[in-house]
>>> print(open('data_25.txt').read())   # compact mmCIF, C-alpha atoms
# COMPACT_ATOMS: atom_id res chain seq x y z
CA MET U 21 62.85 105.19 94.68
CA THR U 22 61.38 103.73 91.47
CA GLY U 23 64.63 104.48 89.63
CA ASN U 24 66.66 102.78 92.33
CA ARG U 25 64.41 99.71 92.27
CA VAL U 26 64.66 99.48 88.49
CA GLY U 27 68.44 99.50 88.94
CA GLN U 28 68.11 96.86 91.63
CA ILE U 29 66.40 94.62 89.08
CA VAL U 30 68.51 95.26 86.01
CA PHE U 31 71.98 95.29 87.58
CA PRO U 32 71.69 92.17 89.78
CA ALA U 33 70.28 90.24 86.82
CA LEU U 34 73.22 91.31 84.67
CA ALA U 35 75.60 90.68 87.56
CA GLY U 36 74.28 87.14 87.97
CA VAL U 37 74.97 86.38 84.32
CA LEU U 38 78.39 88.03 84.54
CA ALA U 39 79.28 86.13 87.72
CA ALA U 40 78.38 82.84 86.08
CA ALA U 41 80.82 83.64 83.26
CA THR U 42 83.66 85.39 85.09
CA GLY U 43 83.29 84.84 88.85
CA VAL U 44 82.65 87.54 91.42
CA ALA U 45 85.72 89.55 90.34
CA GLY U 46 83.97 90.25 87.02
CA ILE U 47 81.08 91.91 88.87
CA LEU U 48 83.46 94.09 90.88
CA LEU U 49 85.21 95.19 87.68
CA ALA U 50 81.88 95.99 86.03
CA LEU U 51 80.71 97.99 89.06
CA GLY U 52 83.99 99.94 89.08
CA LEU U 53 83.63 100.81 85.42
CA GLY U 54 79.95 101.70 85.84
CA LEU U 55 80.67 104.05 88.75
CA ALA U 56 83.52 105.74 86.88
CA ALA U 57 81.40 106.22 83.75
CA SER U 58 78.41 107.63 85.63
CA GLY U 59 80.66 109.95 87.69
CA ILE U 60 82.20 111.34 84.50
CA ALA U 61 78.75 111.68 82.92
CA VAL U 62 77.54 113.75 85.90
CA ALA U 63 80.61 116.00 85.71
CA MET U 64 80.12 116.58 81.97
CA THR U 65 76.40 117.35 82.09
CA GLN U 66 75.91 119.50 85.18
CA PRO U 67 74.63 123.02 84.55
CA PRO U 68 76.79 125.81 85.99
CA SER U 69 75.64 126.72 89.53
CA MET M 18 69.59 130.17 92.70
CA ILE M 19 69.54 127.10 94.90
CA GLU M 20 71.83 127.46 97.85
CA GLU M 21 73.48 124.61 99.70
CA PRO M 22 72.33 124.16 103.29
CA SER M 23 74.74 125.77 105.67
CA ALA M 24 75.59 125.15 109.30
CA ARG M 25 74.44 128.26 111.12
CA VAL M 26 73.35 128.69 114.72
CA ALA M 27 70.84 125.93 115.47
CA PRO M 28 67.30 127.21 115.94
CA GLU M 29 65.25 126.04 118.94
CA SER M 30 64.36 122.38 118.48
CA ASP M 31 60.80 121.38 117.61
CA ILE M 32 61.53 117.65 117.37
CA ASP M 33 58.66 115.37 118.35
CA TYR M 34 60.58 112.90 120.52
CA ARG M 35 57.52 110.69 121.12
CA LEU M 36 57.57 110.05 117.39
CA LEU M 37 61.32 110.23 116.81
CA ILE M 38 62.39 107.59 119.35
CA PRO M 39 60.19 104.68 118.16
CA PHE M 40 60.85 105.77 114.56
CA LEU M 41 64.65 105.61 114.98
CA ALA M 42 64.37 102.28 116.81
CA HIS M 43 62.29 100.98 113.91
CA VAL M 44 64.81 102.22 111.32
CA MET M 45 67.65 100.50 113.15
CA LEU M 46 65.76 97.22 113.56
CA ILE M 47 64.64 97.11 109.92
CA GLN M 48 68.09 97.96 108.52
CA THR M 49 69.78 95.44 110.81
CA LEU M 50 67.43 92.60 109.96
CA ILE M 51 67.39 93.34 106.22
CA LEU M 52 71.20 93.13 106.16
CA ILE M 53 71.19 89.94 108.25
CA ILE M 54 68.60 88.28 106.01
CA ARG M 55 70.16 89.35 102.71
CA ILE M 56 73.70 88.27 103.63
CA THR M 57 72.38 85.03 105.13
CA THR M 58 70.36 84.39 101.97
CA SER M 59 73.57 84.60 99.92
CA TYR M 60 75.26 82.15 102.29
CA ARG M 61 72.20 79.86 102.22
CA ALA M 62 72.31 79.85 98.39
CA ILE M 63 75.98 78.81 98.56
CA GLU M 64 75.10 76.21 101.22
CA LEU M 65 72.41 74.75 98.91
CA GLY M 66 75.00 74.52 96.13
CA LEU M 67 73.08 76.87 93.84
CA PRO M 68 74.91 78.32 90.82
CA VAL M 69 76.15 81.89 91.44
CA VAL M 70 73.63 83.21 88.89
CA TRP M 71 70.95 82.55 91.54
CA LEU M 72 72.40 85.29 93.76
CA GLY M 73 71.53 87.74 90.99
CA ILE M 74 68.07 86.27 90.46
CA ILE M 75 67.25 86.39 94.19
CA ALA M 76 68.54 89.98 94.40
CA THR M 77 66.34 90.89 91.43
CA GLY M 78 63.35 89.39 93.22
CA PHE M 79 63.89 91.77 96.14
CA ALA M 80 63.13 94.78 93.91
CA ILE M 81 60.61 93.35 91.45
CA ILE M 82 57.31 94.43 93.08
CA PRO M 83 58.52 97.91 94.18
CA VAL M 84 59.33 98.81 90.57
CA PHE M 85 55.64 98.64 89.70
CA THR M 86 54.24 99.96 92.96
CA ALA M 87 56.71 102.50 94.41
CA LEU M 88 55.11 105.57 92.80
CA ARG M 89 51.60 104.69 94.00
CA VAL M 90 52.85 103.77 97.45
CA GLY M 91 54.77 107.07 97.60
CA ARG M 92 51.62 109.04 96.80
CA TRP M 93 49.61 107.04 99.36
CA ILE M 94 52.24 107.84 102.01
CA ASP M 95 52.17 111.52 101.00
CA ARG M 96 48.53 111.57 102.12
CA GLY M 97 49.55 111.05 105.75
CA ASN M 98 50.03 107.28 105.76
CA ASP M 99 53.68 107.19 106.86
CA ALA M 100 53.02 105.30 110.12
CA ARG M 101 50.63 102.92 108.38
CA ALA M 102 53.36 102.21 105.82
CA ALA M 103 55.72 101.28 108.67
CA TRP M 104 53.05 99.00 110.18
CA LEU M 105 52.28 97.29 106.86
CA GLY M 106 55.95 97.04 105.87
CA SER M 107 56.86 95.49 109.23
CA ALA M 108 54.06 92.93 108.91
CA LEU M 109 55.20 91.93 105.39
CA VAL M 110 58.83 91.71 106.54
CA LEU M 111 57.73 89.52 109.48
CA VAL M 112 55.87 87.12 107.16
CA ALA M 113 58.93 86.95 104.87
CA CYS M 114 61.22 86.25 107.85
CA ILE M 115 58.93 83.46 109.05
CA GLY M 116 59.33 81.95 105.58
CA PHE M 117 63.13 82.30 105.57
CA TRP M 118 63.33 80.72 109.02
CA ALA M 119 60.87 77.87 108.42
CA TRP M 120 61.41 76.96 104.77
CA PRO M 121 64.84 78.01 103.42
CA ASP M 122 64.87 74.80 101.43
CA SER M 123 65.31 75.69 97.77
CA ALA M 124 66.12 78.45 95.30
CA MET M 125 62.43 79.09 94.70
CA HIS M 126 61.73 79.46 98.42
CA LEU M 127 64.59 81.96 98.81
CA LEU M 128 63.36 83.86 95.75
CA GLY M 129 59.73 83.95 96.90
CA PHE M 130 60.57 85.18 100.39
CA SER M 131 62.98 87.77 98.95
CA VAL M 132 60.15 89.15 96.80
CA LEU M 133 58.00 89.51 99.94
CA LEU M 134 60.89 90.97 101.94
CA GLY M 135 61.56 93.57 99.23
CA PHE M 136 57.87 94.55 99.13
CA GLY M 137 57.81 95.07 102.90
CA HIS M 138 61.12 96.90 102.83
CA MET M 139 59.75 99.34 100.25
CA PHE M 140 56.86 100.32 102.57
CA CYS M 141 59.27 100.74 105.48
CA MET M 142 61.82 102.79 103.51
CA ALA M 143 59.23 105.13 102.00
CA GLY M 144 57.46 105.50 105.35
CA HIS M 145 60.76 106.21 107.13
CA GLN M 146 61.62 109.06 104.79
CA MET M 147 58.31 110.79 105.55
CA LEU M 148 58.54 110.03 109.27
CA ALA M 149 61.98 111.66 109.36
CA VAL M 150 60.44 114.83 107.95
CA ARG M 151 57.38 114.71 110.26
CA SER M 152 59.33 114.04 113.45
CA GLY M 153 61.58 117.04 112.84
CA GLY M 154 58.96 119.72 112.42
CA ARG M 155 59.86 122.87 110.46
CA ARG M 156 62.86 124.08 112.43
CA SER M 157 64.60 120.77 113.20
CA ARG M 158 64.03 118.89 109.96
CA GLU M 159 67.74 118.69 109.08
CA THR M 160 68.55 117.42 112.59
CA ALA M 161 65.90 114.71 112.37
CA LEU M 162 67.16 113.69 108.92
CA GLY M 163 70.66 113.49 110.39
CA TYR M 164 69.43 111.20 113.20
CA TYR M 165 67.68 109.08 110.56
CA MET M 166 70.86 108.71 108.48
CA VAL M 167 72.84 107.74 111.59
CA ALA M 168 70.23 105.17 112.71
CA ALA M 169 70.19 103.65 109.21
CA SER M 170 74.00 103.48 109.10
CA VAL M 171 74.15 101.88 112.56
CA GLY M 172 71.66 99.23 111.43
CA GLN M 173 73.61 98.63 108.21
CA GLY M 174 76.75 98.10 110.29
CA LEU M 175 75.11 96.01 112.99
CA GLY M 176 73.54 93.49 110.59
CA PRO M 177 76.83 92.32 108.98
CA PHE M 178 78.50 92.42 112.41
CA VAL M 179 75.96 89.92 113.78
CA VAL M 180 76.53 87.63 110.79
CA GLY M 181 80.31 87.81 111.24
CA TRP M 182 80.15 87.41 115.01
CA LEU M 183 77.99 84.28 114.85
CA GLY M 184 79.75 82.90 111.79
CA GLY M 185 83.20 82.85 113.35
CA SER M 186 85.97 81.58 111.15
CA ALA M 187 83.67 79.08 109.38
CA ALA M 188 83.29 79.58 105.63
CA LEU M 189 79.51 79.36 106.04
CA PRO M 190 77.75 80.88 109.07
CA PRO M 191 74.85 79.10 110.87
CA THR M 192 72.16 80.20 108.46
CA ARG M 193 69.23 78.72 110.39
CA LEU M 194 70.24 80.61 113.56
CA LEU M 195 70.73 83.83 111.60
CA PHE M 196 67.29 83.50 109.99
CA ALA M 197 65.89 82.98 113.52
CA ILE M 198 67.61 86.18 114.71
CA GLY M 199 66.20 88.00 111.69
CA LEU M 200 62.74 86.71 112.61
CA ALA M 201 63.13 87.88 116.23
CA ALA M 202 64.19 91.34 114.99
CA ALA M 203 61.20 91.41 112.62
CA ALA M 204 58.83 90.56 115.49
CA ALA M 205 60.41 93.36 117.54
CA SER M 206 60.01 95.75 114.60
CA VAL M 207 56.27 95.03 114.47
CA ILE M 208 55.95 95.89 118.18
CA VAL M 209 57.98 99.09 117.75
CA ALA M 210 56.02 100.02 114.62
CA VAL M 211 52.78 100.01 116.63
CA LEU M 212 54.30 102.72 118.85
CA ILE M 213 54.69 105.02 115.80
CA ARG M 214 51.55 107.14 115.82
CA PRO M 215 49.99 108.14 112.50
CA ALA M 216 49.51 111.74 111.40
CA ALA M 217 46.05 113.15 110.87
CA LEU M 218 44.91 112.13 107.40
CA LYS M 219 45.15 114.92 104.84
CA ALA M 220 41.93 115.47 102.96
CA ARG M 221 43.26 118.33 100.86
CA ARG M 222 43.56 118.02 97.14
CA HIS M 223 47.00 118.43 95.70
CA ASP M 224 47.60 121.39 93.48
CA PRO M 225 48.39 119.86 90.06
CA GLY M 226 51.27 122.32 89.89
CA GLU M 227 52.99 120.50 92.79
CA PHE M 228 53.58 117.37 90.71
CA VAL M 229 56.26 117.42 88.04
CA PRO M 230 56.04 114.47 85.63
CA ILE M 231 59.15 112.30 85.49
CA GLY M 232 59.40 112.87 81.72
CA LYS M 233 59.72 116.61 82.34
CA LEU M 234 62.38 116.13 85.02
CA LEU M 235 64.44 113.95 82.68
CA THR M 236 64.64 116.80 80.17
CA LEU M 237 66.43 118.99 82.75
CA ARG M 238 70.11 119.38 81.92
CA GLY M 239 72.15 116.93 83.99
CA PHE M 240 69.14 115.26 85.65
CA ALA M 241 69.35 111.94 83.78
CA ALA M 242 73.06 111.58 84.56
CA VAL M 243 72.57 112.31 88.28
CA MET M 244 69.57 109.98 88.42
CA LEU M 245 71.54 107.19 86.73
CA SER M 246 74.54 107.73 88.98
CA SER M 247 72.27 107.55 92.04
CA VAL M 248 70.88 104.23 90.79
CA VAL M 249 74.37 102.87 90.04
CA THR M 250 75.61 103.92 93.50
CA VAL M 251 72.69 102.39 95.42
CA THR M 252 72.85 99.21 93.35
CA SER M 253 76.62 98.88 93.78
CA LEU M 254 76.23 98.91 97.56
CA ASP M 255 73.45 96.36 97.24
CA LEU M 256 75.54 94.06 95.06
CA LEU M 257 78.50 94.35 97.44
CA VAL M 258 76.31 92.99 100.27
CA ILE M 259 75.08 90.13 98.09
CA TYR M 260 78.34 89.13 96.41
CA LEU M 261 80.95 89.69 99.16
CA PRO M 262 79.89 86.38 100.80
CA ALA M 263 80.38 84.69 97.40
CA LEU M 264 83.79 86.36 97.07
CA GLY M 265 84.61 85.06 100.57
CA ALA M 266 83.62 81.55 99.54
CA GLU M 267 85.79 81.83 96.38
CA ARG M 268 88.82 83.15 98.31
CA HIS M 269 88.31 81.02 101.46
CA ILE M 270 87.65 84.01 103.73
CA GLY M 271 85.77 83.20 106.95
CA SER M 272 82.28 84.61 107.43
CA ASP M 273 83.51 86.59 110.47
CA HIS M 274 85.79 88.64 108.21
CA ILE M 275 83.08 89.06 105.56
CA GLY M 276 80.73 90.39 108.23
CA LEU M 277 83.42 92.69 109.62
CA LEU M 278 84.40 93.93 106.17
CA LEU M 279 80.80 94.99 105.55
CA THR M 280 80.59 96.53 109.03
CA VAL M 281 83.78 98.52 108.42
CA ARG M 282 82.37 99.70 105.09
CA SER M 283 79.22 100.92 106.79
CA LEU M 284 81.13 102.70 109.59
CA ALA M 285 83.35 104.45 107.04
CA SER M 286 80.21 105.68 105.25
CA LEU M 287 78.86 106.97 108.56
CA VAL M 288 82.10 108.85 109.25
CA SER M 289 82.16 110.28 105.73
CA ARG M 290 78.74 111.87 106.27
CA VAL M 291 80.16 113.83 109.20
CA PHE M 292 82.49 115.54 106.71
CA TYR M 293 79.89 115.78 103.94
CA ALA M 294 78.83 119.40 104.51
CA ARG M 295 82.42 120.64 104.93
CA LEU M 296 83.59 118.82 101.79
CA ILE M 297 80.77 120.12 99.62
CA PHE M 298 81.54 123.72 100.63
CA ALA M 299 85.29 123.24 100.25
CA ILE M 300 85.31 121.39 96.91
CA GLY M 301 81.94 122.06 95.29
CA ARG M 302 79.13 119.69 94.35
CA THR M 303 80.24 118.61 90.88
CA PRO M 304 83.99 118.11 91.57
CA LEU M 305 83.12 116.25 94.80
CA THR M 306 80.67 114.01 92.94
CA LEU M 307 83.33 113.18 90.34
CA THR M 308 86.04 112.60 92.96
CA SER M 309 83.91 110.41 95.22
CA MET M 310 82.56 108.34 92.32
CA LEU M 311 86.02 107.83 90.81
CA GLY M 312 87.30 106.92 94.29
CA SER M 313 84.48 104.37 94.68
CA ALA M 314 85.22 103.02 91.19
CA ALA M 315 88.92 102.62 91.96
CA ALA M 316 88.11 100.75 95.19
CA PHE M 317 85.82 98.30 93.34
CA LEU M 318 88.44 97.74 90.63
CA VAL M 319 91.19 97.06 93.20
CA LEU M 320 88.86 94.75 95.17
CA ALA M 321 88.61 92.55 92.08
CA LEU M 322 92.33 91.73 92.45
CA PRO M 323 93.47 88.85 94.68
CA LEU M 324 94.31 90.86 97.81
CA SER M 325 95.50 90.02 101.31
CA LEU M 326 92.87 90.36 104.04
CA PRO M 327 94.42 93.49 105.68
CA THR M 328 94.49 95.17 102.26
CA MET M 329 90.84 94.28 101.75
CA TYR M 330 89.97 95.99 105.05
CA GLY M 331 91.86 99.09 103.87
CA ILE M 332 90.06 99.07 100.52
CA LEU M 333 86.64 98.60 102.18
CA ILE M 334 87.33 101.63 104.43
CA CYS M 335 88.19 103.75 101.35
CA LEU M 336 85.20 102.36 99.48
CA GLY M 337 82.86 103.04 102.42
CA PHE M 338 84.09 106.62 102.77
CA ALA M 339 83.87 107.39 99.03
CA MET M 340 80.51 105.67 98.62
CA GLY M 341 79.09 107.42 101.69
CA ILE M 342 79.83 110.77 100.04
CA ALA M 343 78.84 109.64 96.54
CA SER M 344 75.50 108.12 97.56
CA THR M 345 74.51 111.20 99.58
CA LEU M 346 75.63 113.55 96.79
CA THR M 347 73.83 111.77 94.00
CA LEU M 348 70.62 111.49 96.03
CA SER M 349 70.74 115.15 97.05
CA GLY M 350 71.78 116.01 93.47
CA VAL M 351 68.47 114.63 92.19
CA MET M 352 66.59 116.82 94.69
CA HIS M 353 68.87 119.80 93.95
CA LEU M 354 68.11 119.70 90.22
CA ALA M 355 64.41 118.95 90.73
CA ALA M 356 64.16 121.94 93.08
CA ARG M 357 65.62 124.18 90.35
CA ARG M 358 62.70 123.16 88.19
>>> encode(input="data_25.txt", output="C-alpha cells")
Amino acid sequence: MTGNRVGQIVFPALAGVLAAATGVAGILLALGLGLAASGIAVAMTQPPS
Amino acid sequence: MIEEPSARVAPESDIDYRLLIPFLAHVMLIQTLILIIRITTSYRAIELGLPVVWLGIIATGFAIIPVFTALRVGRWIDRGNDARAAWLGSALVLVACIGFWAWPDSAMHLLGFSVLLGFGHMFCMAGHQMLAVRSGGRRSRETALGYYMVAASVGQGLGPFVVGWLGGSAALPPTRLLFAIGLAAAAASVIVAVLIRPAALKARRHDPGEFVPIGKLLTLRGFAAVMLSSVVTVTSLDLLVIYLPALGAERHIGSDHIGLLLTVRSLASLVSRVFYARLIFAIGRTPLTLTSMLGSAAAFLVLALPLSLPTMYGILICLGFAMGIASTLTLSGVMHLAARR
C-alpha cells in the first residue's frame, strides 16, 4: 500500500507537469510507455517457477 | 515451491454473513463515493478554470498522508482494529465530503479536502482488506476475497455511471449536486460502518520472524520489478479516472459518455477477473503478466490518438480487461514472491 501511495504522489505530479506541456494525450502516451516498460522488466527478472 | 490456487471442490462455507454483508455494503458505498468525488473534483477544477497542472497536484494530495502513515496504520489494523479503521476512515471521508459539498470554491479547497479524503480512504482500504480475510474464516477466505473484489468493482463502475447519468450530454456535470450525492453516500457509509463489529483485540506479541523488512524483500530476484509494475498499474487506473474528464473537455465529449466510458472500463475489469484463474493456468504467470501489461500499454497509446467515440468505447473495454488481469497479477505477484521468502 505504501508503494502504491508513493506512486500516486510521484506519477500524478509528473503527469500534471506533462499535461501542462503536452495536453492529456501526453499523459496517456507516458502511461502506455510506462506500462510496457514495467511489463517487460517483470518478464526479464522473474525467477523460474 | 509455491503453488497457484486451484479451483477444487468447495469446502463447507464458514463465512460470517453478519460481518460480510455490512462489510460488502461499506466497500461498495466507499468505492462509489470515492469515484464520484474524484471525477467531480476534476470537473470542478475545469469549471473553476484551473490550469490542468492542478489536476495532478490535487491527485498528489490524495496520497500524500498515506505515504507516511500507511505502514503504521497497517500494523495497527493487524492488531485487530479492522472495524475501527472502517469507522475512522468513514468519519474522515464524511468530513472531507462535507467540505467538497460546502466549499468547493478554489484550488486550495479542492486540494485540502482531497488530502483528507485520501487519508480516510487509506483507513477504509486497509481495513477492508483485513475484513475480507476475517469474514471468510479459514475455509472460505478465497470466496470472501472474491465477494470483496466484486463489491469493489461494482462500486468503481457505479460511481462513474452516476456522474455520467446526472451529467447528461453537458460538457460539465452538475458538480454541486454530485458533491451532495457523495456526501449522502458518505453519511450512509458511516451508518453501515457502525454495523461492522470489531474483532477481539489481539494482545499477543508478534514473533519478530513474522516481519520481513522491505529492504530484504527488495533484494529478492524479480520483487522490485513486480512491485514497480503494481505501482504503475494502480497509478495508471487512478490517472485515467482523473484525466479522462479533462480529455473529454479537450475533445468536446459529454460527461455522460465520460462516465459511461469509465463504467465500461470497470465492468470489463470485473469480467476479466472471472477468467483470471483459467488464464493463469493456461498461459502461466509471467507470460500473462507481460501480455496483459503490453495490452494495457497498447490501449493507453491508442487512446492518445484522436478517436471516434465508438472506438474509444472499444479501447476502454480492451483496456479494462487487460488492466483487470494486470492489476490482479502484479498485486498477487508481490505476495507470491514475498511468500517464497
>>> atom_distance(input="data_25.txt", atom1="atom CA of Gly239 of chain M", atom2="atom CA of Leu346 of chain M")
13.7 Å
>>> residues_around(input="data_25.txt", residues="segment 313-330 of chain M", least_positions_apart="4", cutoff="6 Å", atoms="only C-alpha atoms", output="number ranges by chain")
U: 45, 48-49, 52, 55-56; M: 336, 339-340
>>> atom_distance(input="data_25.txt", atom1="atom CA of Leu307 of chain M", atom2="atom CA of Ala242 of chain M")
11.9 Å
>>> closest_residue(input="data_25.txt", among="M:Ser247, M:Thr192, M:Ser206, M:Ser170", to="Leu284 of chain M", atoms="all atoms listed in the file")
M:Ser170
>>> atom_distance(input="data_25.txt", atom1="atom CA of Ala33 of chain U", atom2="atom CA of Leu200 of chain M")
27.1 Å
